[in-house]
Amino acid sequence: MSSITTREAPRGFSAAEYMTCLTGIVWREGLRFLHQRERFVSALVRPLVWLFIFAAGFRQVLGISIIPPYETYILYEVFIAPGLMAMIQLFNGMQSSLSMVYDREMGNMRTLLVSPLPRGYLLFSKLLAGTAVSLLQVYAFLLIAWFWDITPPPIGYLTVLPALILSGLMLGSLGMLISSGIKQLENFAGVMNFVIFPMFFASSALYPLWRVQEGSPYLYYLCEANPFTHAVELIRFAFYGQINWISLAVVATCTIVFMIGAIYAYDPSRGLARRGPAGGEG
Amino acid sequence: MTSPAPIAEQRETPRPDPAAVPALSIDGVSHAYGERRALMEVSFNVQPASFTALLGLNGAGKSTLFSLITRLFGIQSGRVGIFGHDISKSPGEALRLLGVVFQPRTLDLDLSLTQNLLYHAALHGISRGEARARSAELLDRIGLTERGGSKVRDLSGGQMRRLEIARALLHRPRLLLLDEPTVGLDVKARADIISHVRQLVSEQGIGVLWATHLFDEIVAGDDLVVLHQGKVLAQGPMSRVVAEAGAQDVNTAFMRLTGAQTLPGGGA
C-alpha cells in the first residue's frame with residue numbers, strides 16, 4: 001500500500017487533459033446511446049416514417065417548383081430529406097436535454113459538474129457529444145434514404161457535415177438551455193408540445209416557404225424567424241455543396257446565444273443555486 | 001491487504017502539522033434557499049489524515065454543505081478552502097484535490113464498472129493508459145476485479161458504494177467527502193466501508209469528512225462536528241465534545257446538545 005504522495009499544488013490544465021476530458025465525455029455519450037437500442041431505432045424510424053409514408057402521400061398534393069439549391073424538378077421526398085435530417089437533430093437535442101434533467105434528478109449530473117475542468121468547457125463537451133450522436137443518426141438515415149432515391153452529389157455527404165455539426169450544436173444548446181429551466185422530468189411533455197412541434201411545423205422542413213407565404217404572410221414571417229428553418233436551409237444547401245449565408249449567420253448566432261445562455265444557467269453562483277436543494281434533503 | 005508491522009519509529013503516517021494548511025476549511029458559511037436559511041455561520045476545519053464526522057439529523061444542512069464544498073451551489077457568504085484553494089476563486093485547483101461520494105448513487109448503471117471508472121478519470125484529464133492502470137488497481141483493492149466488465153446494475157448496494165469510493169479516489173485526492181455513505185446497507189457492508197475509509201486515513205493520510213446520523217460510526221479518536229438546524233453546536237475531538245456536554249457517549253451528548261427528544265435510530 002502506497003503512502004501519501006505529496007505533490008505540490010497543481011497548476012492549471014494542459015491541452016492533453018482538456019482533450020482527454022472531451023473524448024471521455026463523447027465516448028461515454030456514445031456508449032450510452034449504443035446501450036439504448038430503442039432510442040436508436042426510434043431515432044431512425046421517425047424520419048423514415050415521414051419519408052416513406054408522409055412524403056409518398058403528400059407528393060401529389062404539393063408540387064415543388066425549381067428553387068435553389070435544386071436545379072431540376074425534384075420529388076417531394078428529396079425536398080423534405082434535409083428537413084428530416086434537422087428533425088433528427090431536433091429530437092436528439094431535446095432528448096439530450098431530457099437526459100440532463102434525468103441526470104440531475106438522479107445525481108449523475110454531479111459526477112460531471114465536480115470535474116475540476118472549467119464548467120463551461122464541460123458543458124460544451126457534453127454538447128459536442130450530443131452532436132456526435134446526432135451525426136450517427138443522420139448518416140444512418142441517409143444510408144437508408146439513398147435506397148429511396150435521395151441521392152445528392154457524392155460530395156454532398158461531406159459538405160453537409162459542417163452544417164450538421166453547427167445545427168446539432170444549436171439544437172443541443174437550445175435543449176440544454178431548456179433543461180436548465182425544467183425542474184422535473186414530468187414537465188418534459190410540455191417541451192414536446194411547445195418546442196418540438198411548433199419549431200418543426202413552422203419551418204421550411206416540410207414545405208417551401210414561398211408556398212407558405214401564399215397561404216399566410218404571418219406564418220411566413222414566423223417561419224423566417226424560426227432558427228429551425230435556418231438549420232434546415234443550411235443543411236439543404238450544404239447537402240448540394242452550397243452555402244446559404246443568411247442561414248449560416250442565423251444558425252451561428254443562435255448557437256452562440258443559446259450556448260452562452262445554457263452555460264450561464266448552469267453556473268453555480270447563478271442558475272442552479274437559486275433552485276434549492278438538488279435531490280436529497282438536508 | 002497486508003500492512004507492515006507497526007513499528008513506531010518507521011510509521012509513515014503523516015501526522016497533521018498544526019501549522020499546516022487544513023485539508024478543508026469552512027469559514028463563516030451561510031446559505032439560504034429563498035427565505036429558508038439552511039446554514040448559519042458554519043465554521044470548522046478538517047485536518048489531513050484525520051477522520052472528521054459531521055453529525056446531524058436529516059435536514060440539518062449536511063447535504064447543502066456538501067453541495068457548497070463541491071461547487072454545485074455558489075457560495076452566498078463565507079469561504080470554503082480545500083488545502084488553501086478557495087472553491088469560488090480557483091475551483092479547478094480545489095476540486096482536483098477533492099474526492100466525493102454523494103448520498104444518491106451517481107453511477108451509470110448500464111455501463112460496466114471499468115467504464116464508469118474510465119469516464120471519471122477522463123473528467124479529471126487522466127490519460128487512458130494511466131486510467132486503466134489505476135482502475136485495475138482500485139478494483140483489485142475493493143475486491144471486484146472479476147466484475148470489472150459487468151454492468152453496475154448487477155452489483156449489490158454495498159458493492160456500488162465501494163465502487164463509488166474507488167471512483168472518488170481515482171484522481172488521488174487528498175480530501176474525501178462522503179455523504180451518509182452507509183445508508184441502506186447491511187451490517188457487513190457498512191463495516192467494510194467504514195474500515196476501508198479509516199484505512200485511507202491512516203495509511204494514505206487522506207483527510208475525510210464523513211457525514212452521518214448514525215452515532216455508532218464514530219469512534220474515540222475522531223474529530224466531531226455537530227450540525228443542527230444549520231448551526232454548528234459543537235466541534236473538536238470526540239472525547240472532548242462528549243465530556244463538555246457532560247455525557248458518557250456520543251448518543252447522549254448529541255441529545256443534550258440538540259435537545260432532541262427521540263433518537264434517530266442510533267445503530268440500525
# chains A, B, ... in the order shown; residues from 1 in each chain; ligands from 1
$ residues_around --residues "region 29-46 of chain B" --least-positions-apart "6" --cutoff "10 Å" --atoms "only C-alpha atoms" --output "PyMOL selection string"
(chain A and resi 273-277+282) or (chain B and resi 21-23+52-53+59-65+68+73-83+175+207-209+223-225+227-236)
$ write_last_selection --atoms "N, CA and C atoms" --output "compact mmCIF listing (two decimals), in the first residue's frame"
# COMPACT_ATOMS: atom_id res chain seq x y z
N ALA A 273 -28.09 27.51 -8.38
CA ALA A 273 -28.02 27.85 -6.96
C ALA A 273 -29.37 28.32 -6.42
N ARG A 274 -30.13 28.99 -7.27
CA ARG A 274 -31.39 29.54 -6.79
C ARG A 274 -32.44 28.46 -6.59
N ARG A 275 -32.11 27.30 -7.15
CA ARG A 275 -33.18 26.33 -7.27
C ARG A 275 -33.36 25.43 -6.06
N GLY A 276 -32.72 25.77 -4.97
CA GLY A 276 -32.94 24.99 -3.76
C GLY A 276 -32.21 23.67 -3.81
N PRO A 277 -32.38 22.84 -2.80
CA PRO A 277 -31.59 21.62 -2.71
C PRO A 277 -31.88 20.71 -3.89
N GLY A 282 -31.55 18.12 3.40
CA GLY A 282 -30.60 18.26 4.47
C GLY A 282 -29.52 19.26 4.23
N VAL B 21 -1.68 23.68 6.30
CA VAL B 21 -2.98 24.11 5.77
C VAL B 21 -3.99 23.00 6.02
N PRO B 22 -5.15 23.32 6.52
CA PRO B 22 -6.15 22.27 6.70
C PRO B 22 -6.60 21.71 5.35
N ALA B 23 -6.98 20.42 5.36
CA ALA B 23 -7.48 19.81 4.14
C ALA B 23 -8.73 20.54 3.67
N THR B 52 -13.06 13.15 10.24
CA THR B 52 -13.98 14.08 10.89
C THR B 52 -15.40 13.66 10.59
N ALA B 53 -16.17 13.43 11.62
CA ALA B 53 -17.56 13.03 11.43
C ALA B 53 -18.44 14.28 11.53
N GLY B 59 -31.89 16.97 7.39
CA GLY B 59 -32.36 18.35 7.37
C GLY B 59 -31.49 19.30 8.15
N ALA B 60 -30.38 18.80 8.70
CA ALA B 60 -29.50 19.66 9.50
C ALA B 60 -28.70 20.62 8.61
N GLY B 61 -28.58 20.28 7.33
CA GLY B 61 -27.81 21.13 6.42
C GLY B 61 -26.59 20.43 5.86
N LYS B 62 -26.45 19.13 6.13
CA LYS B 62 -25.26 18.40 5.68
C LYS B 62 -25.14 18.41 4.16
N SER B 63 -26.26 18.08 3.49
CA SER B 63 -26.18 17.99 2.03
C SER B 63 -25.97 19.35 1.39
N THR B 64 -26.54 20.37 1.98
CA THR B 64 -26.30 21.72 1.46
C THR B 64 -24.82 22.06 1.57
N LEU B 65 -24.25 21.73 2.71
CA LEU B 65 -22.83 21.98 2.91
C LEU B 65 -21.99 21.24 1.87
N LEU B 68 -22.09 22.92 -1.42
CA LEU B 68 -21.26 24.14 -1.46
C LEU B 68 -19.79 23.77 -1.62
N PHE B 73 -23.46 24.39 -5.71
CA PHE B 73 -24.11 25.67 -5.45
C PHE B 73 -23.01 26.72 -5.31
N GLY B 74 -23.36 27.94 -5.63
CA GLY B 74 -22.41 29.02 -5.40
C GLY B 74 -22.43 29.42 -3.93
N ILE B 75 -21.29 29.88 -3.44
CA ILE B 75 -21.20 30.32 -2.04
C ILE B 75 -21.89 31.67 -1.91
N GLN B 76 -22.84 31.76 -1.00
CA GLN B 76 -23.53 33.05 -0.80
C GLN B 76 -22.73 33.94 0.14
N SER B 77 -22.28 33.36 1.26
CA SER B 77 -21.40 34.14 2.11
C SER B 77 -20.49 33.21 2.89
N GLY B 78 -19.30 33.69 3.20
CA GLY B 78 -18.30 32.85 3.84
C GLY B 78 -17.31 32.34 2.82
N ARG B 79 -16.49 31.39 3.26
CA ARG B 79 -15.42 30.93 2.41
C ARG B 79 -15.20 29.44 2.61
N VAL B 80 -14.97 28.71 1.51
CA VAL B 80 -14.62 27.30 1.58
C VAL B 80 -13.27 27.12 0.92
N GLY B 81 -12.33 26.54 1.66
CA GLY B 81 -11.00 26.31 1.10
C GLY B 81 -10.63 24.84 1.16
N ILE B 82 -10.01 24.36 0.10
CA ILE B 82 -9.51 22.99 0.07
C ILE B 82 -8.00 23.07 -0.08
N PHE B 83 -7.27 22.68 0.94
CA PHE B 83 -5.82 22.85 1.00
C PHE B 83 -5.44 24.28 0.60
N LEU B 175 -8.44 14.97 -0.03
CA LEU B 175 -9.59 15.17 0.86
C LEU B 175 -10.75 14.36 0.28
N GLY B 207 -7.55 13.27 4.31
CA GLY B 207 -8.49 13.88 5.24
C GLY B 207 -9.90 13.48 4.84
N VAL B 208 -10.69 13.01 5.80
CA VAL B 208 -12.04 12.54 5.48
C VAL B 208 -13.08 13.34 6.23
N LEU B 209 -14.10 13.79 5.50
CA LEU B 209 -15.28 14.35 6.14
C LEU B 209 -16.43 13.40 5.87
N ASP B 223 -12.53 13.33 15.00
CA ASP B 223 -13.00 14.68 15.23
C ASP B 223 -14.49 14.71 14.95
N LEU B 224 -15.16 15.59 15.64
CA LEU B 224 -16.61 15.58 15.54
C LEU B 224 -17.10 17.00 15.30
N VAL B 225 -18.05 17.14 14.38
CA VAL B 225 -18.73 18.42 14.19
C VAL B 225 -20.22 18.13 14.29
N LEU B 227 -23.82 19.32 13.71
CA LEU B 227 -24.57 20.31 12.95
C LEU B 227 -26.06 20.10 13.24
N HIS B 228 -26.71 21.19 13.62
CA HIS B 228 -28.13 21.06 13.93
C HIS B 228 -28.86 22.31 13.46
N GLN B 229 -29.87 22.10 12.65
CA GLN B 229 -30.65 23.20 12.10
C GLN B 229 -29.77 24.31 11.53
N GLY B 230 -28.76 23.90 10.80
CA GLY B 230 -27.92 24.86 10.09
C GLY B 230 -26.83 25.50 10.92
N LYS B 231 -26.71 25.11 12.20
CA LYS B 231 -25.67 25.70 13.05
C LYS B 231 -24.74 24.63 13.59
N VAL B 232 -23.48 25.02 13.79
CA VAL B 232 -22.54 24.11 14.44
C VAL B 232 -22.71 24.27 15.94
N LEU B 233 -23.12 23.19 16.62
CA LEU B 233 -23.35 23.28 18.06
C LEU B 233 -22.10 22.93 18.85
N ALA B 234 -21.28 22.05 18.29
CA ALA B 234 -20.05 21.67 18.99
C ALA B 234 -19.09 21.11 17.99
N GLN B 235 -17.79 21.24 18.28
CA GLN B 235 -16.80 20.62 17.43
C GLN B 235 -15.52 20.38 18.21
N GLY B 236 -14.73 19.41 17.72
CA GLY B 236 -13.48 19.08 18.38
C GLY B 236 -13.33 17.57 18.43
$ residues_around --residues "region 77-88 of chain A" --least-positions-apart "6" --cutoff "7 Å" --atoms "only C-alpha atoms" --output "PyMOL selection string"
chain A and resi 43+47+51+55+134+138+150+205-206+231-232+235-236
$ atom_distance --atom1 "CA of Leu176 (chain B)" --atom2 "CA of Ser25 (chain B)"
13.2 Å
$ select_by_dssp --residues "region 17-204 of chain A" --states "alpha helix (DSSP H)" --output "number ranges by chain"
A: 17-35, 37-49, 55-58, 76-106, 108-113, 119-146, 156-181, 188-191, 197-201
$ write_last_selection --atoms "C-alpha atoms" --output "compact mmCIF listing (two decimals), in the first residue's frame"
# COMPACT_ATOMS: atom_id res chain seq x y z
CA GLU A 17 -6.06 16.99 -20.19
CA TYR A 18 -8.72 19.03 -21.96
CA MET A 19 -8.63 16.61 -24.85
CA THR A 20 -8.85 13.55 -22.59
CA CYS A 21 -11.87 15.04 -20.90
CA LEU A 22 -13.62 15.80 -24.18
CA THR A 23 -13.02 12.37 -25.66
CA GLY A 24 -14.13 10.77 -22.40
CA ILE A 25 -17.43 12.62 -22.45
CA VAL A 26 -18.05 11.82 -26.12
CA TRP A 27 -17.11 8.17 -25.53
CA ARG A 28 -19.49 7.85 -22.61
CA GLU A 29 -22.34 9.50 -24.52
CA GLY A 30 -21.72 7.13 -27.42
CA LEU A 31 -21.73 4.10 -25.11
CA ARG A 32 -24.96 5.18 -23.51
CA PHE A 33 -26.51 5.67 -26.91
CA LEU A 34 -25.46 2.22 -28.08
CA HIS A 35 -26.90 0.71 -24.92
CA ARG A 37 -31.09 0.40 -28.72
CA GLU A 38 -34.69 1.55 -28.66
CA ARG A 39 -33.52 5.11 -28.82
CA PHE A 40 -31.50 4.41 -31.92
CA VAL A 41 -34.34 2.57 -33.58
CA SER A 42 -36.89 5.25 -32.83
CA ALA A 43 -34.47 7.97 -33.91
CA LEU A 44 -34.25 6.17 -37.23
CA VAL A 45 -37.86 5.08 -37.63
CA ARG A 46 -39.29 8.57 -37.03
CA PRO A 47 -37.80 10.25 -40.11
CA LEU A 48 -38.29 7.12 -42.18
CA VAL A 49 -42.00 7.15 -41.44
CA ALA A 55 -43.89 12.08 -48.34
CA ALA A 56 -45.35 9.42 -50.58
CA GLY A 57 -48.85 10.51 -49.76
CA PHE A 58 -48.10 14.17 -49.94
CA TYR A 76 -41.17 15.71 -52.60
CA GLU A 77 -39.11 13.07 -50.81
CA VAL A 78 -35.99 14.79 -51.98
CA PHE A 79 -37.29 18.10 -50.75
CA ILE A 80 -38.05 17.01 -47.23
CA ALA A 81 -34.88 14.96 -46.68
CA PRO A 82 -32.90 17.93 -45.26
CA GLY A 83 -35.85 18.80 -43.04
CA LEU A 84 -35.84 15.26 -41.72
CA MET A 85 -32.13 15.41 -41.01
CA ALA A 86 -32.75 18.54 -38.99
CA MET A 87 -35.67 16.83 -37.30
CA ILE A 88 -33.40 14.00 -36.18
CA GLN A 89 -31.13 16.58 -34.62
CA LEU A 90 -34.01 18.46 -33.06
CA PHE A 91 -35.28 15.33 -31.34
CA ASN A 92 -31.78 14.35 -30.35
CA GLY A 93 -31.11 17.77 -28.87
CA MET A 94 -34.30 17.63 -26.83
CA GLN A 95 -33.59 14.05 -25.83
CA SER A 96 -30.17 15.05 -24.53
CA SER A 97 -31.80 17.79 -22.53
CA LEU A 98 -34.26 15.26 -21.19
CA SER A 99 -31.36 13.08 -20.12
CA MET A 100 -29.76 16.07 -18.43
CA VAL A 101 -32.87 16.66 -16.39
CA TYR A 102 -32.90 12.97 -15.59
CA ASP A 103 -29.22 13.02 -14.71
CA ARG A 104 -29.77 15.97 -12.45
CA GLU A 105 -32.64 14.28 -10.65
CA MET A 106 -30.66 11.07 -10.31
CA ASN A 108 -25.40 11.74 -12.33
CA MET A 109 -25.03 15.33 -13.30
CA ARG A 110 -22.93 15.85 -10.20
CA THR A 111 -20.28 13.49 -11.49
CA LEU A 112 -19.83 15.77 -14.46
CA LEU A 113 -20.00 19.03 -12.57
CA ARG A 119 -17.73 24.16 -16.17
CA GLY A 120 -18.28 25.94 -19.48
CA TYR A 121 -15.89 23.51 -21.10
CA LEU A 122 -17.64 20.51 -19.56
CA LEU A 123 -20.99 21.64 -20.88
CA PHE A 124 -19.52 22.39 -24.29
CA SER A 125 -18.04 18.89 -24.37
CA LYS A 126 -21.39 17.49 -23.47
CA LEU A 127 -22.94 19.42 -26.39
CA LEU A 128 -20.32 18.12 -28.79
CA ALA A 129 -21.01 14.60 -27.56
CA GLY A 130 -24.72 15.00 -28.19
CA THR A 131 -23.99 16.38 -31.64
CA ALA A 132 -21.74 13.43 -32.43
CA VAL A 133 -24.57 11.08 -31.53
CA SER A 134 -26.93 13.01 -33.80
CA LEU A 135 -24.45 12.67 -36.66
CA LEU A 136 -24.54 8.90 -36.28
CA GLN A 137 -28.30 9.01 -36.54
CA VAL A 138 -28.35 11.33 -39.54
CA TYR A 139 -25.86 9.29 -41.53
CA ALA A 140 -27.71 6.08 -40.75
CA PHE A 141 -30.83 7.78 -42.06
CA LEU A 142 -29.04 8.97 -45.19
CA LEU A 143 -27.82 5.48 -45.87
CA ILE A 144 -31.37 4.15 -45.94
CA ALA A 145 -32.65 7.21 -47.79
CA TRP A 146 -30.13 6.57 -50.54
CA GLY A 156 -22.77 16.43 -50.58
CA TYR A 157 -22.29 13.81 -47.90
CA LEU A 158 -19.09 15.54 -46.95
CA THR A 159 -20.14 19.17 -47.36
CA VAL A 160 -23.22 18.60 -45.23
CA LEU A 161 -21.07 17.56 -42.29
CA PRO A 162 -20.05 21.03 -41.04
CA ALA A 163 -23.63 22.19 -41.45
CA LEU A 164 -24.85 19.26 -39.39
CA ILE A 165 -22.29 19.93 -36.68
CA LEU A 166 -23.36 23.54 -36.41
CA SER A 167 -27.09 22.80 -36.43
CA GLY A 168 -26.53 19.97 -33.97
CA LEU A 169 -24.76 22.35 -31.61
CA MET A 170 -27.52 24.91 -31.96
CA LEU A 171 -30.32 22.47 -31.23
CA GLY A 172 -28.32 20.82 -28.47
CA SER A 173 -27.61 24.07 -26.70
CA LEU A 174 -31.25 25.06 -27.06
CA GLY A 175 -32.13 21.78 -25.37
CA MET A 176 -29.58 22.40 -22.64
CA LEU A 177 -30.93 25.88 -22.06
CA ILE A 178 -34.44 24.47 -21.74
CA SER A 179 -33.28 21.70 -19.44
CA SER A 180 -31.82 24.21 -17.02
CA GLY A 181 -35.28 25.68 -16.62
CA PHE A 188 -40.88 17.39 -20.34
CA ALA A 189 -44.09 16.61 -22.20
CA GLY A 190 -44.57 20.37 -22.38
CA VAL A 191 -41.31 20.66 -24.26
CA PHE A 197 -43.83 20.60 -32.77
CA PRO A 198 -44.06 24.36 -33.36
CA MET A 199 -40.42 24.52 -34.37
CA PHE A 200 -40.79 21.69 -36.81
CA PHE A 201 -44.08 22.70 -38.42
$ interface_residues --of "chain B" --to "chain A" --cutoff "8 Å" --atoms "only C-alpha atoms" --output "ChimeraX atom specification"
/B:3,12-14,33-34,58-64,70-76,91-96,103-108,110-111,118-120,122-128,203-206
$ write_last_selection --atoms "C-alpha atoms" --output "tab-separated table (two decimals), in the first residue's frame"
chain	number	residue	atom	x	y	z
B	3	SER	CA	0.01	-3.92	6.29
B	12	GLU	CA	4.94	6.81	7.73
B	13	THR	CA	1.52	8.05	8.58
B	14	PRO	CA	1.77	11.79	8.16
B	33	TYR	CA	-32.94	28.93	-0.16
B	34	GLY	CA	-35.07	32.00	-0.55
B	58	ASN	CA	-31.78	14.75	8.28
B	59	GLY	CA	-32.36	18.35	7.37
B	60	ALA	CA	-29.50	19.66	9.50
B	61	GLY	CA	-27.81	21.13	6.42
B	62	LYS	CA	-25.26	18.40	5.68
B	63	SER	CA	-26.18	17.99	2.03
B	64	THR	CA	-26.30	21.72	1.46
B	70	THR	CA	-18.29	20.63	-4.32
B	71	ARG	CA	-19.29	23.88	-6.07
B	72	LEU	CA	-22.69	22.56	-7.12
B	73	PHE	CA	-24.11	25.67	-5.45
B	74	GLY	CA	-22.41	29.02	-5.40
B	75	ILE	CA	-21.20	30.32	-2.04
B	76	GLN	CA	-23.53	33.05	-0.80
B	91	PRO	CA	-12.38	25.87	-8.27
B	92	GLY	CA	-10.18	23.84	-10.61
B	93	GLU	CA	-7.29	23.62	-8.18
B	94	ALA	CA	-9.62	22.95	-5.28
B	95	LEU	CA	-11.73	20.27	-6.98
B	96	ARG	CA	-8.62	18.44	-8.11
B	103	GLN	CA	-25.61	10.32	-0.92
B	104	PRO	CA	-27.64	9.39	-4.01
B	105	ARG	CA	-25.91	6.88	-6.25
B	106	THR	CA	-24.25	8.56	-9.18
B	107	LEU	CA	-23.04	5.63	-11.26
B	108	ASP	CA	-24.05	4.84	-14.84
B	110	ASP	CA	-25.81	0.45	-17.84
B	111	LEU	CA	-22.08	0.88	-18.14
B	118	LEU	CA	-12.62	5.41	-17.04
B	119	TYR	CA	-15.28	8.06	-17.55
B	120	HIS	CA	-14.48	9.60	-14.20
B	122	ALA	CA	-11.38	11.30	-18.26
B	123	LEU	CA	-13.30	14.02	-16.46
B	124	HIS	CA	-10.15	14.62	-14.49
B	125	GLY	CA	-7.96	14.64	-17.57
B	126	ILE	CA	-6.20	11.38	-16.71
B	127	SER	CA	-4.88	9.71	-19.85
B	128	ARG	CA	-6.39	6.42	-20.95
B	203	GLU	CA	-2.36	4.65	5.55
B	204	GLN	CA	-2.62	7.36	2.92
B	205	GLY	CA	-3.08	10.40	5.08
B	206	ILE	CA	-6.30	11.42	3.37
